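Below is one structure; the comments refer to it alone.
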Amino acid sequence: MEKSMGKEEDFLNIIYEDNHLIAINKRCGDIVQGDKTGDEPLPDKIKEYIRVNYNKTGNVFCGVIHRIDRPVSGAVVFAKTSKALVRMNQLVHDRQIEKRYWAVVKQKPPKNADTLVHYLFRDEKKNKSFASLTPKDGYLKAELEYKVIASSKSFHLLEINLITGRHHQIRSQLAAIGSPIRGDLKYGFQRSNVDGTVSLHSRSLAFIHPVSLQTINIIAQPPKDTIWDAMLAEIEKTDKKG
């Protein structure tokens, strides 16, 4: 389901919505929360969408449940009610939301599938996380699972199950094993993508709905891009062979 609010900069790609939750397929460059740039964050755009489409008067609620980085695309879910926000925050705390990402890398990881455990230190001045294989003071444990799900002549597509949720976790952990994400200059990729993005995409979110208690699976299509299109074509080839 896609809905536009008129102006291109206000465009929202809504991929799930009910009375309590709304999920957006975030474009690269959009921000989940306000920052020093002063650019309009997604919650403000969502509030305006709700106000216009549902003829709401007065204050409109939109709660941030989780975040993905500005240059990253994909599924992000927000709360439309305070009840949903409290309960979704508890799911986040209890790690009851399954988050899967897709990442395009040039250097194939040492193994086709593996669990990565590092300890990350967040340098706020540099807005960067540094990975260590051993525990250190001030470092937080970070864990993810990955598997290679497609390969072209030049790139490989990894599917990642994010177990913990640390600052720049996927970007720093993949860089630590020698597989920085395409376009991610900050974490060691050789050159940036033309549009300043990194080829990391929040592919899906799965959880038990905080009110209806139904199982919710939200899937976000990657951006229209030559590399993403090539990776999707490789997945399709593999599926046909299987």
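Going through the structure tokens in order, the chains are called A, B, and so on, while each chain numbers its residues from 1 and the ligands are numbered from 1 in the order shown.
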Practice problem: For stretch 123-136 of chain A, list every protein, DNA or RNA residue within 7 Å, evaluated using only C-alpha atoms, and leave out those in the same chain fewer than 5 positions away; present the list as a PyMOL selection string. | Solution: chain A and resi 118+167-168+172-173+176
Would you mind exporting C-alpha atoms of the selected residues as a PDB file, in the first residue's frame?
```pdb
ATOM      1  CA  HIS A 118      31.663  -8.760  18.882  1.00  0.00           C
ATOM      2  CA  HIS A 167      24.649   1.464  17.151  1.00  0.00           C
ATOM      3  CA  HIS A 168      25.784   0.737  13.561  1.00  0.00           C
ATOM      4  CA  SER A 172      30.647  -2.431  12.048  1.00  0.00           C
ATOM      5  CA  GLN A 173      30.429  -6.216  12.462  1.00  0.00           C
ATOM      6  CA  ALA A 176      35.216  -6.377  11.208  1.00  0.00           C
TER       7      ALA A 176
END
```
Exercise. Write down as a VMD selection string the residues of stretch 147-234 of chain A whose backbone DSSP state falls under strand (DSSP E or B).
Key: chain A and resid 147 to 151 156 to 162 181 200 to 208 215 to 219
Practice problem: Would you kindly return, as a VMD selection string, each protein, DNA or RNA residue with an atom no farther than 12 Å from any atom of A:Gly29, considering only C-alpha atoms and excluding same-chain residues fewer than 6 positions away? | Solution: chain A and resid 9 37 39 to 42 68 to 74 195 to 198 223
Quiz prompt | A:Ser154 environment, 9 Å, only C-alpha atoms, sequence neighbours closer than 6 positions dropped, as a PyMOL selection string | solution = chain A and resi 105-107
Save out the residues we just selected, C-alpha atoms, as a compact mmCIF listing (two decimals), in the first residue's frame.
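Ended up saving to again_2.txt:
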```txt
# COMPACT_ATOMS: atom_id res chain seq x y z
CA VAL A 105 28.96 -6.67 0.08
CA LYS A 106 31.79 -6.96 -2.42
CA GLN A 107 34.04 -9.20 -0.32
```
